[in-house]
file structure19.cif (mmCIF, C-alpha atoms)
data_start
#
loop_
_atom_site.label_atom_id
_atom_site.label_comp_id
_atom_site.auth_asym_id
_atom_site.auth_seq_id
_atom_site.Cartn_x
_atom_site.Cartn_y
_atom_site.Cartn_z
CA MET A 89 -100.73 -62.25 107.67
CA SER A 90 -102.16 -64.03 104.70
CA ASN A 91 -100.15 -62.30 102.01
CA GLN A 92 -96.75 -63.61 103.19
CA LYS A 93 -96.78 -66.03 100.28
CA LEU A 94 -96.68 -63.15 97.83
CA TYR A 95 -93.49 -61.85 99.40
CA LYS A 96 -91.78 -65.19 99.53
CA GLY A 97 -90.29 -65.16 96.05
CA SER A 98 -88.82 -61.72 96.64
CA LEU A 99 -86.84 -62.55 99.76
CA GLN A 100 -83.45 -62.58 98.02
CA THR A 101 -84.10 -59.25 96.34
CA ILE A 102 -85.16 -57.75 99.66
CA ILE A 103 -81.99 -58.97 101.38
CA LEU A 104 -79.73 -57.72 98.58
CA LYS A 105 -81.40 -54.32 98.52
CA LEU A 106 -81.05 -53.95 102.30
CA LEU A 107 -77.37 -54.84 102.15
CA ALA A 108 -76.84 -52.39 99.32
CA THR A 109 -78.17 -49.56 101.52
CA HIS A 110 -76.72 -50.63 104.84
CA HIS A 111 -73.29 -51.95 103.86
CA LYS A 112 -73.20 -54.80 106.38
CA MET A 113 -75.90 -56.44 108.48
CA TYR A 114 -76.40 -59.53 110.61
CA GLY A 115 -79.34 -61.90 110.39
CA TYR A 116 -81.39 -60.60 113.27
CA GLU A 117 -80.84 -57.02 112.18
CA ILE A 118 -82.28 -57.86 108.76
CA THR A 119 -85.50 -59.30 110.22
CA GLN A 120 -85.91 -56.24 112.44
CA LYS A 121 -85.16 -53.78 109.66
CA VAL A 122 -87.71 -55.36 107.35
CA LYS A 123 -90.30 -55.31 110.10
CA GLU A 124 -89.55 -51.66 110.78
CA LEU A 125 -89.54 -50.55 107.13
CA THR A 126 -92.80 -52.32 106.34
CA LYS A 127 -94.37 -51.34 109.67
CA GLY A 128 -94.85 -54.97 110.58
CA GLU A 129 -96.57 -55.83 107.30
CA LEU A 130 -93.78 -58.19 106.28
CA GLN A 131 -92.09 -60.41 108.82
CA ILE A 132 -89.25 -62.51 107.51
CA THR A 133 -89.25 -65.82 109.29
CA GLU A 134 -86.03 -67.14 110.72
CA GLY A 135 -86.52 -70.45 108.96
CA ALA A 136 -86.48 -68.67 105.60
CA LEU A 137 -83.95 -65.92 106.20
CA TYR A 138 -80.87 -67.99 107.03
CA PRO A 139 -81.28 -70.49 104.20
CA ALA A 140 -81.63 -67.51 101.82
CA LEU A 141 -78.51 -65.87 103.25
CA HIS A 142 -76.51 -69.09 103.02
CA LYS A 143 -77.60 -69.58 99.44
CA LEU A 144 -76.56 -66.07 98.47
CA GLU A 145 -73.24 -66.65 100.19
CA ALA A 146 -72.72 -69.92 98.31
CA ASP A 147 -73.48 -68.15 95.04
CA GLY A 148 -70.71 -65.69 95.80
CA LEU A 149 -73.02 -62.71 96.17
CA LEU A 150 -72.32 -62.19 99.86
CA ASP A 151 -69.18 -62.04 101.88
CA ILE A 152 -69.00 -62.53 105.63
CA GLU A 153 -67.28 -60.85 108.50
CA VAL A 154 -67.32 -62.16 112.04
CA VAL A 155 -66.98 -59.85 115.00
CA LYS A 156 -66.99 -60.58 118.69
CA VAL A 157 -69.80 -58.53 120.21
CA GLU A 158 -70.23 -58.59 123.97
CA ASN A 159 -69.88 -62.28 124.82
CA ARG A 160 -70.81 -63.78 121.49
CA LEU A 161 -69.80 -63.97 117.86
CA ARG A 162 -71.74 -61.99 115.32
CA LYS A 163 -71.76 -62.82 111.65
CA TYR A 164 -72.16 -59.86 109.33
CA TYR A 165 -73.09 -60.16 105.67
CA LYS A 166 -72.08 -57.72 103.00
CA LEU A 167 -72.28 -57.58 99.22
CA THR A 168 -69.42 -58.77 97.08
CA GLU A 169 -68.69 -57.12 93.77
CA ILE A 170 -70.79 -59.72 91.96
CA GLY A 171 -73.47 -59.20 94.59
CA THR A 172 -73.63 -55.47 93.92
CA LYS A 173 -74.10 -56.09 90.22
CA GLU A 174 -76.69 -58.78 90.86
CA THR A 175 -78.62 -56.41 93.12
CA THR A 176 -79.03 -53.94 90.27
CA ASP A 177 -80.26 -56.71 87.97
CA LYS A 178 -82.65 -58.12 90.55
CA LEU A 179 -84.11 -54.72 91.32
CA GLU A 180 -84.66 -54.08 87.63
CA GLU A 181 -86.36 -57.49 87.39
CA MET A 182 -88.51 -56.57 90.35
CA GLN A 183 -89.59 -53.28 88.76
CA GLN A 184 -90.50 -55.12 85.60
CA PHE A 185 -92.49 -57.61 87.64
CA LEU A 186 -94.37 -54.85 89.44
CA ARG A 187 -95.22 -53.16 86.16
CA THR A 188 -96.50 -56.41 84.69
CA MET A 189 -98.61 -57.12 87.75
CA GLN A 190 -99.98 -53.60 87.60
CA HIS A 191 -101.07 -54.19 84.00
CA LEU A 192 -102.72 -57.47 84.90
CA VAL A 193 -104.42 -56.42 88.08
CA ASN A 194 -105.40 -52.92 87.14
CA PRO A 195 -105.34 -52.59 83.34
CA LYS A 196 -107.37 -49.37 83.07
CA PHE A 197 -105.11 -47.32 85.27
CA SER A 198 -101.84 -48.47 83.86
CA LEU A 199 -99.29 -45.73 83.34
CA GLU A 200 -98.34 -46.69 79.83
CA MET B 226 -81.11 -56.76 130.05
CA LYS B 227 -78.15 -58.51 128.46
CA LEU B 228 -77.41 -62.20 128.36
CA THR B 229 -74.67 -63.57 130.57
CA LYS B 230 -71.83 -65.75 129.42
CA ASN B 231 -73.52 -68.75 131.02
CA GLN B 232 -76.75 -68.09 129.19
CA ILE B 233 -74.84 -67.90 125.91
CA ASN B 234 -73.33 -71.28 126.70
CA GLU B 235 -76.83 -72.52 127.47
CA LEU B 236 -77.87 -71.41 123.99
CA TYR B 237 -74.97 -73.31 122.44
CA LYS B 238 -76.11 -76.41 124.26
CA PHE B 239 -79.66 -75.74 123.14
CA THR B 240 -78.67 -75.65 119.45
CA ARG B 241 -76.70 -78.87 119.88
CA LYS B 242 -79.76 -80.48 121.42
CA HIS B 243 -81.65 -79.46 118.30
CA TYR B 244 -79.24 -81.24 115.99
CA VAL B 245 -76.96 -78.36 115.11
CA TYR B 246 -73.55 -79.96 115.57
CA HIS B 247 -71.18 -77.53 113.92
CA TYR B 248 -69.76 -74.48 115.57
CA ASP B 249 -70.13 -72.10 112.64
CA VAL B 250 -73.86 -72.81 112.30
CA GLN B 251 -74.36 -72.81 116.06
CA SER B 252 -72.72 -69.40 116.48
CA GLU B 253 -74.99 -67.68 114.03
CA LEU B 254 -78.10 -69.19 115.60
CA VAL B 255 -76.92 -68.39 119.12
CA ASP B 256 -76.44 -64.73 118.21
CA HIS B 257 -79.88 -64.68 116.64
CA LEU B 258 -81.59 -66.23 119.65
CA ALA B 259 -79.65 -63.98 122.01
CA ASN B 260 -80.72 -60.86 120.13
CA ASP B 261 -84.30 -62.00 120.10
CA ILE B 262 -84.31 -62.89 123.79
CA GLU B 263 -82.93 -59.47 124.65
CA LYS B 264 -85.66 -57.91 122.52
CA ILE B 265 -88.31 -60.03 124.24
CA TRP B 266 -87.00 -58.91 127.62
CA GLU B 267 -87.36 -55.27 126.58
CA GLN B 268 -91.08 -55.87 126.24
CA THR B 269 -91.61 -58.36 129.06
CA PRO B 270 -88.72 -58.00 131.52
CA ASN B 271 -90.14 -60.53 133.95
CA LEU B 272 -90.09 -63.47 131.57
CA SER B 273 -87.62 -66.19 132.55
CA PHE B 274 -84.65 -67.02 130.32
CA GLU B 275 -86.13 -70.45 129.57
CA ASP B 276 -89.48 -69.03 128.45
CA ALA B 277 -87.93 -66.28 126.40
CA LYS B 278 -85.67 -68.82 124.73
CA ASN B 279 -88.58 -71.10 123.89
CA ASN B 280 -90.63 -68.19 122.54
CA SER B 281 -87.76 -67.26 120.32
CA PHE B 282 -87.19 -70.80 119.10
CA LYS B 283 -90.87 -71.13 118.17
CA LYS B 284 -90.38 -68.46 115.54
CA PHE B 285 -88.24 -70.88 113.56
CA GLY B 286 -91.37 -72.90 112.82
CA ILE B 287 -92.17 -76.55 113.30
CA PHE B 288 -88.98 -77.76 111.65
CA GLY B 289 -86.85 -75.76 114.04
CA PHE B 290 -83.29 -75.35 112.82
CA MET B 291 -83.65 -78.02 110.14
CA ASP B 292 -84.03 -75.64 107.20
CA VAL B 293 -81.03 -73.69 108.33
CA ILE B 294 -78.89 -76.80 108.72
CA GLU B 295 -79.92 -78.07 105.31
CA ALA B 296 -79.17 -74.81 103.56
CA LYS B 297 -75.81 -74.57 105.28
CA GLN B 298 -74.90 -78.10 104.24
CA LYS B 299 -75.80 -77.35 100.64
CA GLN B 300 -73.71 -74.20 100.70
CA MET B 301 -70.75 -76.07 102.13
CA ASN B 302 -71.05 -78.87 99.58
CA LYS B 303 -70.76 -76.25 96.89
CA ARG B 304 -67.76 -74.74 98.59
CA TYR B 305 -66.11 -78.12 99.01
CA LYS B 306 -66.54 -78.86 95.32
CA HIS B 307 -64.94 -75.53 94.46
CA ILE B 308 -61.97 -76.32 96.67
CA MET B 309 -61.66 -79.79 95.14
CA TRP B 310 -61.76 -78.38 91.63
CA ARG B 311 -59.17 -75.75 92.50
CA PHE B 312 -56.62 -78.40 93.55
CA PHE B 313 -57.65 -80.82 90.83
CA LYS B 314 -56.97 -78.28 88.10
CA GLU B 315 -53.41 -77.82 89.30
CA TRP B 316 -52.57 -81.26 87.96
CA PHE B 317 -53.16 -80.06 84.43
CA THR B 318 -50.80 -77.11 84.56
CA LEU B 319 -47.02 -77.12 84.57
CA PRO B 320 -45.12 -78.59 86.34
CA LYS B 321 -47.62 -81.07 87.79
CA VAL B 322 -48.99 -82.00 84.39
CA THR B 323 -45.84 -84.07 83.77
CA THR B 324 -46.77 -86.29 86.72
CA THR B 325 -50.24 -86.63 85.26
CA ILE B 326 -48.86 -87.67 81.88
CA VAL B 327 -46.43 -90.16 83.43
CA LEU B 328 -49.27 -91.60 85.51
CA PHE B 329 -51.48 -91.91 82.45
CA LEU B 330 -48.76 -93.63 80.40
CA SER B 331 -47.88 -96.00 83.26
CA ILE B 332 -51.49 -97.09 83.60
CA PHE B 333 -51.83 -97.38 79.85
CA PHE B 334 -48.80 -99.66 79.49
CA PHE B 335 -49.59 -101.50 82.67
CA LEU B 336 -52.94 -102.55 81.20
CA LYS B 337 -51.09 -104.11 78.26
CA ILE B 338 -49.45 -106.63 80.57
CA GLN B 339 -51.11 -110.01 80.59
CA PHE B 340 -53.24 -110.66 83.69
CA SER B 341 -53.06 -106.98 84.54
CA GLU B 342 -56.59 -107.22 85.91
CA TYR B 343 -55.43 -109.48 88.73
CA ILE B 344 -52.69 -107.09 89.69
CA LEU B 345 -55.28 -104.32 89.55
CA LEU B 346 -57.64 -106.27 91.79
CA GLY B 347 -54.84 -106.85 94.26
CA THR B 348 -53.93 -103.17 94.30
CA LEU B 349 -57.54 -102.14 94.83
CA PHE B 350 -57.85 -104.63 97.66
CA ILE B 351 -54.77 -103.32 99.45
CA PHE B 352 -56.00 -99.80 98.93
CA LEU B 353 -59.38 -100.69 100.42
CA ILE B 354 -57.77 -101.97 103.59
CA PHE B 355 -55.67 -98.83 103.92
CA ASP B 356 -58.72 -96.68 103.42
CA LEU B 357 -60.63 -98.51 106.13
CA ILE B 358 -57.76 -98.05 108.58
CA ASN B 359 -57.60 -94.37 107.66
CA GLN B 360 -61.30 -93.85 108.16
CA PHE B 361 -61.18 -95.57 111.49
CA LYS B 362 -58.36 -93.28 112.63
CA ASN B 363 -60.22 -90.21 111.42
CA ARG B 364 -63.37 -91.09 113.26
CA LYS B 365 -61.41 -91.62 116.43
CA ASN B 366 -59.66 -88.28 116.04
CA GLN B 367 -62.90 -86.42 115.47
CA LYS B 368 -64.52 -88.09 118.42
CA GLU B 369 -61.65 -87.11 120.66
CA LYS B 370 -61.83 -83.57 119.38
CA LYS B 371 -65.57 -83.47 119.94
CA GLY B 372 -65.08 -84.56 123.51
CA LYS B 373 -62.43 -81.95 124.16
CA THR B 374 -63.45 -78.71 122.54
CA GLU B 375 -66.89 -79.27 121.06
CA LYS B 376 -66.05 -76.73 118.41
CA ILE B 377 -66.03 -78.44 115.07
CA PHE B 378 -66.69 -76.42 111.98
CA LEU B 379 -68.83 -77.89 109.25
CA LEU B 380 -66.10 -77.75 106.61
CA GLU B 381 -63.66 -79.31 109.07
CA ALA B 382 -66.00 -82.25 109.54
CA MET B 383 -66.43 -82.57 105.79
CA ILE B 384 -62.69 -82.63 105.16
CA GLY B 385 -62.26 -85.32 107.76
CA ASN B 386 -65.28 -87.44 107.04
CA THR B 387 -67.27 -87.26 103.87
CA LYS B 388 -64.40 -86.81 101.41
CA GLY B 389 -66.99 -85.68 98.91
CA GLY B 390 -68.51 -89.15 98.85
CA PHE B 391 -65.38 -90.52 97.24
CA THR B 392 -64.38 -93.15 99.76
CA GLY B 393 -63.48 -96.79 99.91
CA ILE B 394 -66.96 -97.60 98.69
CA THR B 395 -66.02 -96.20 95.28
CA ALA B 396 -63.02 -98.50 95.20
CA LEU B 397 -65.15 -101.41 96.34
CA ASN B 398 -67.50 -100.77 93.44
CA PHE B 399 -64.59 -100.83 91.00
CA PHE B 400 -63.34 -103.98 92.62
CA ASN B 401 -66.68 -105.69 92.13
CA PHE B 402 -67.08 -104.35 88.63
CA ILE B 403 -63.70 -105.61 87.46
CA ASN B 404 -64.12 -108.86 89.32
CA LEU B 405 -67.55 -109.64 87.90
CA SER B 406 -67.13 -108.37 84.36
CA HIS B 407 -64.02 -110.50 83.65
CA ILE B 408 -62.56 -107.86 81.40
CA ASN B 409 -59.28 -108.82 79.85
CA PHE B 410 -57.56 -105.45 79.80
CA SER B 411 -54.57 -106.59 77.76
CA ALA B 412 -56.87 -107.59 74.91
CA LEU B 413 -58.73 -104.28 74.76
CA GLU B 414 -58.72 -102.19 71.62
CA ILE B 415 -56.52 -99.13 71.75
CA HIS B 416 -59.32 -96.55 72.14
CA TRP B 417 -60.82 -98.48 75.03
CA SER B 418 -57.41 -98.72 76.66
CA ILE B 419 -57.04 -94.96 76.38
CA ILE B 420 -60.47 -94.33 77.90
CA VAL B 421 -59.83 -96.75 80.77
CA SER B 422 -56.38 -95.31 81.48
CA LEU B 423 -57.63 -91.74 81.32
CA THR B 424 -60.50 -92.47 83.70
CA ALA B 425 -58.15 -94.24 86.09
CA THR B 426 -55.70 -91.32 85.96
CA LEU B 427 -58.43 -88.78 86.72
CA LEU B 428 -59.74 -90.89 89.59
CA CYS B 429 -56.26 -91.27 91.06
CA ILE B 430 -55.73 -87.52 91.03
CA LEU B 431 -59.15 -86.85 92.49
CA PHE B 432 -58.50 -89.37 95.21
CA TYR B 433 -55.12 -87.88 95.99
CA VAL B 434 -56.57 -84.38 96.19
CA ILE B 435 -59.42 -85.40 98.48
CA HIS B 436 -57.46 -87.68 100.77
CA TYR B 437 -54.11 -85.99 100.99
CA ILE B 438 -53.95 -82.47 99.65
CA ILE B 439 -57.16 -81.06 101.13
CA PRO B 440 -56.62 -82.55 104.61
CA GLN B 441 -53.05 -81.24 104.55
CA LYS B 442 -54.27 -77.75 103.77
CA ALA B 443 -57.24 -78.02 106.13
CA GLU B 444 -56.04 -75.29 108.49
CA GLU B 445 -55.44 -72.85 105.65
CA LEU B 446 -58.81 -73.62 104.06
CA LEU B 447 -60.64 -73.22 107.34
CA VAL B 448 -59.08 -69.82 107.99
CA GLU B 449 -60.05 -68.80 104.47
CA THR B 450 -63.64 -70.02 104.87
CA TYR B 451 -64.26 -68.88 108.41
CA PRO B 452 -63.11 -65.42 109.42
CA GLU B 453 -63.82 -66.45 113.01
CA TYR B 454 -61.68 -69.61 112.93
CA LYS B 455 -58.59 -68.02 114.46
CA LEU B 456 -60.66 -65.92 116.81
CA VAL B 457 -62.41 -68.99 118.18
CA ASN B 458 -59.30 -71.09 118.57
CA ASN B 459 -57.63 -68.32 120.53
CA LEU B 460 -60.57 -67.80 122.85
#
call {"tool": "encode", "arguments": {"input": "structure19.cif", "output": "structure tokens"}}
result
Amino acid sequence: MSNQKLYKGSLQTIILKLLATHHKMYGYEITQKVKELTKGELQITEGALYPALHKLEADGLLDIEVVKVENRLRKYYKLTEIGTKETTDKLEEMQQFLRTMQHLVNPKFSLE
Amino acid sequence: MKLTKNQINELYKFTRKHYVYHYDVQSELVDHLANDIEKIWEQTPNLSFEDAKNNSFKKFGIFGFMDVIEAKQKQMNKRYKHIMWRFFKEWFTLPKVTTTIVLFLSIFFFLKIQFSEYILLGTLFIFLIFDLINQFKNRKNQKEKKGKTEKIFLLEAMIGNTKGGFTGITALNFFNFINLSHINFSALEIHWSIIVSLTATLLCILFYVIHYIIPQKAEELLVETYPEYKLVNNL
């Protein structure tokens, strides 16, 4: 998958958006969900996911909840109030980015 | 197929072997590996636990858990600073602000005494010795705890050990600075005296917060930071 680099900068937005739709998720669930939604096109690597989650948590965008599942502890992430607001902003930013790229890559067929 | 309790413990040991020493970070990684191993078994049920585990670990890339550990440490540093600031601020609101003012004035007038720098050097020296003894005790405690339960949370280790980098070394630096610069504090102009006293007051408060208040409230802070803290200690 050579285009993984293109997705890299959007990891935080992807995580926030997923949490906005699914209320609370744990790390592994996020990797699987992304794989499922993109039909395997995008695979979030473990080495990138957890640092991103921890950063979002440190920035106060995510809150955690720990539940004992079977014989282990599971750490769920969910959006805080600030996180919910940030998600809206980030998604708007993302839309803007996509429009700009569209203009650059395909100027003739732009919508505007 | 689901993982057994023993296999979960194996995974904890595995993370420790890969330099993840703190229980909070370990737990998240163990759950991740466990989920992945169970997923791998769905596709290839005959694969051994060892092989499945190694396949799963490979997905973390050549640096293994390093990126995760680093990010977690950064996050916790931020958190620690927040906690420090929270307790530090208290000293500038009533009623504690009176203590702060008294401390400031005492240092200010103390500096006016002739040869105050020698008294200061002596105080710093005594303090240094106390700090060394304290650190030694802390290390011993943590080691004992490590041997017993092996469940140390990252923030717990930071409260006990790093003290936000503000340790005896800081005092040693002051000691050297005062000793080498031969400043005569009693002859300083008034604005310099104020700056020196203010800095000293702020450092004293910071030191007190890091060395006494935060360790005293450790339990409370850990429960606040880790929802699983109580859960784990009751297991």
call {"tool": "resolve_selection", "arguments": {"input": "structure19.cif", "expression": "the PyMOL selection byres ((chain B) within 9 of (chain A))", "output": "MDAnalysis selection string"}}
result
chainID B and resid 228:230 233 252:253 255:261 284:286 288:297 299:301 303:304 451:453 456:457
call {"tool": "atom_distance", "arguments": {"input": "structure19.cif", "atom1": "CA of Trp417 (chain B)", "atom2": "CA of Asn398 (chain B)"}}
result
19.7 Å
call {"tool": "resolve_selection", "arguments": {"input": "structure19.cif", "expression": "the PyMOL selection byres ((chain B and resi 385) around 12)", "output": "JSON, numbers by chain"}}
result
{"B": [305, 359, 360, 361, 362, 363, 364, 365, 366, 367, 368, 370, 377, 378, 379, 380, 381, 382, 383, 384, 386, 387, 388, 389, 390, 392, 435, 436, 437, 438, 439, 440, 441, 442, 443, 444]}
call {"tool": "atom_distance", "arguments": {"input": "structure19.cif", "atom1": "CA of Ser98 (chain A)", "atom2": "CA of Asn302 (chain B)"}}
result
24.9 Å
call {"tool": "closest_residue", "arguments": {"input": "structure19.cif", "among": "A:Lys105, A:Lys96, A:Lys112, A:Lys166", "to": "Ile132 (chain A)", "atoms": "only C-alpha atoms"}}
result
A:Lys96
call {"tool": "atom_distance", "arguments": {"input": "structure19.cif", "atom1": "CA of Ser411 (chain B)", "atom2": "CA of Ala425 (chain B)"}}
result
15.3 Å
call {"tool": "residues_near_point", "arguments": {"input": "structure19.cif", "point": "(-69.5, -71.7, 118.8)", "cutoff": "7 Å", "atoms": "only C-alpha atoms", "output": "list in words"}}
result
Tyr237, Tyr248, Asp249, Gln251, Ser252 and Lys376 of chain B
call {"tool": "write_last_selection", "arguments": {"input": "structure19.cif", "atoms": "C-alpha atoms", "output": "compact mmCIF listing (two decimals), in the frame of the given file"}}
result
# COMPACT_ATOMS: atom_id res chain seq x y z
CA TYR B 237 -74.97 -73.31 122.44
CA TYR B 248 -69.76 -74.48 115.57
CA ASP B 249 -70.13 -72.10 112.64
CA GLN B 251 -74.36 -72.81 116.06
CA SER B 252 -72.72 -69.40 116.48
CA LYS B 376 -66.05 -76.73 118.41
call {"tool": "resolve_selection", "arguments": {"input": "structure19.cif", "expression": "the PyMOL selection byres ((chain A and resi 131) around 8)", "output": "list of chain:residue names"}}
result
A:Gln92, A:Thr119, A:Val122, A:Lys123, A:Gly128, A:Glu129, A:Leu130, A:Ile132, A:Thr133
call {"tool": "write_last_selection", "arguments": {"input": "structure19.cif", "atoms": "C-alpha atoms", "output": "mmCIF file, in the frame of the given file"}}
result
data_model
loop_
_atom_site.group_PDB
_atom_site.id
_atom_site.type_symbol
_atom_site.label_atom_id
_atom_site.label_comp_id
_atom_site.auth_asym_id
_atom_site.auth_seq_id
_atom_site.Cartn_x
_atom_site.Cartn_y
_atom_site.Cartn_z
ATOM 1 C CA GLN A 92 -96.750 -63.610 103.190
ATOM 2 C CA THR A 119 -85.500 -59.300 110.220
ATOM 3 C CA VAL A 122 -87.710 -55.360 107.350
ATOM 4 C CA LYS A 123 -90.300 -55.310 110.100
ATOM 5 C CA GLY A 128 -94.850 -54.970 110.580
ATOM 6 C CA GLU A 129 -96.570 -55.830 107.300
ATOM 7 C CA LEU A 130 -93.780 -58.190 106.280
ATOM 8 C CA ILE A 132 -89.250 -62.510 107.510
ATOM 9 C CA THR A 133 -89.250 -65.820 109.290
#
call {"tool": "residues_around", "arguments": {"input": "structure19.cif", "residues": "region 334-349 of chain B", "least_positions_apart": "6", "cutoff": "10 Å", "atoms": "all atoms listed in the file", "output": "list in words"}}
result
Phe355, Gly393, Ala396, Leu397, Phe399, Phe400, Asn401, Ile403, Asn404, His407, Ile408, Asn409, Phe410, Ser411, Ala412, Leu413, Ile415, Ser418, Ile419, Val421 and Ser422 of chain B
call {"tool": "residues_around", "arguments": {"input": "structure19.cif", "residues": "Thr101 (chain A)", "least_positions_apart": "2", "cutoff": "7 Å", "atoms": "all atoms listed in the file", "output": "ChimeraX atom specification"}}
result
/A:98-99,103-105,175,178-179
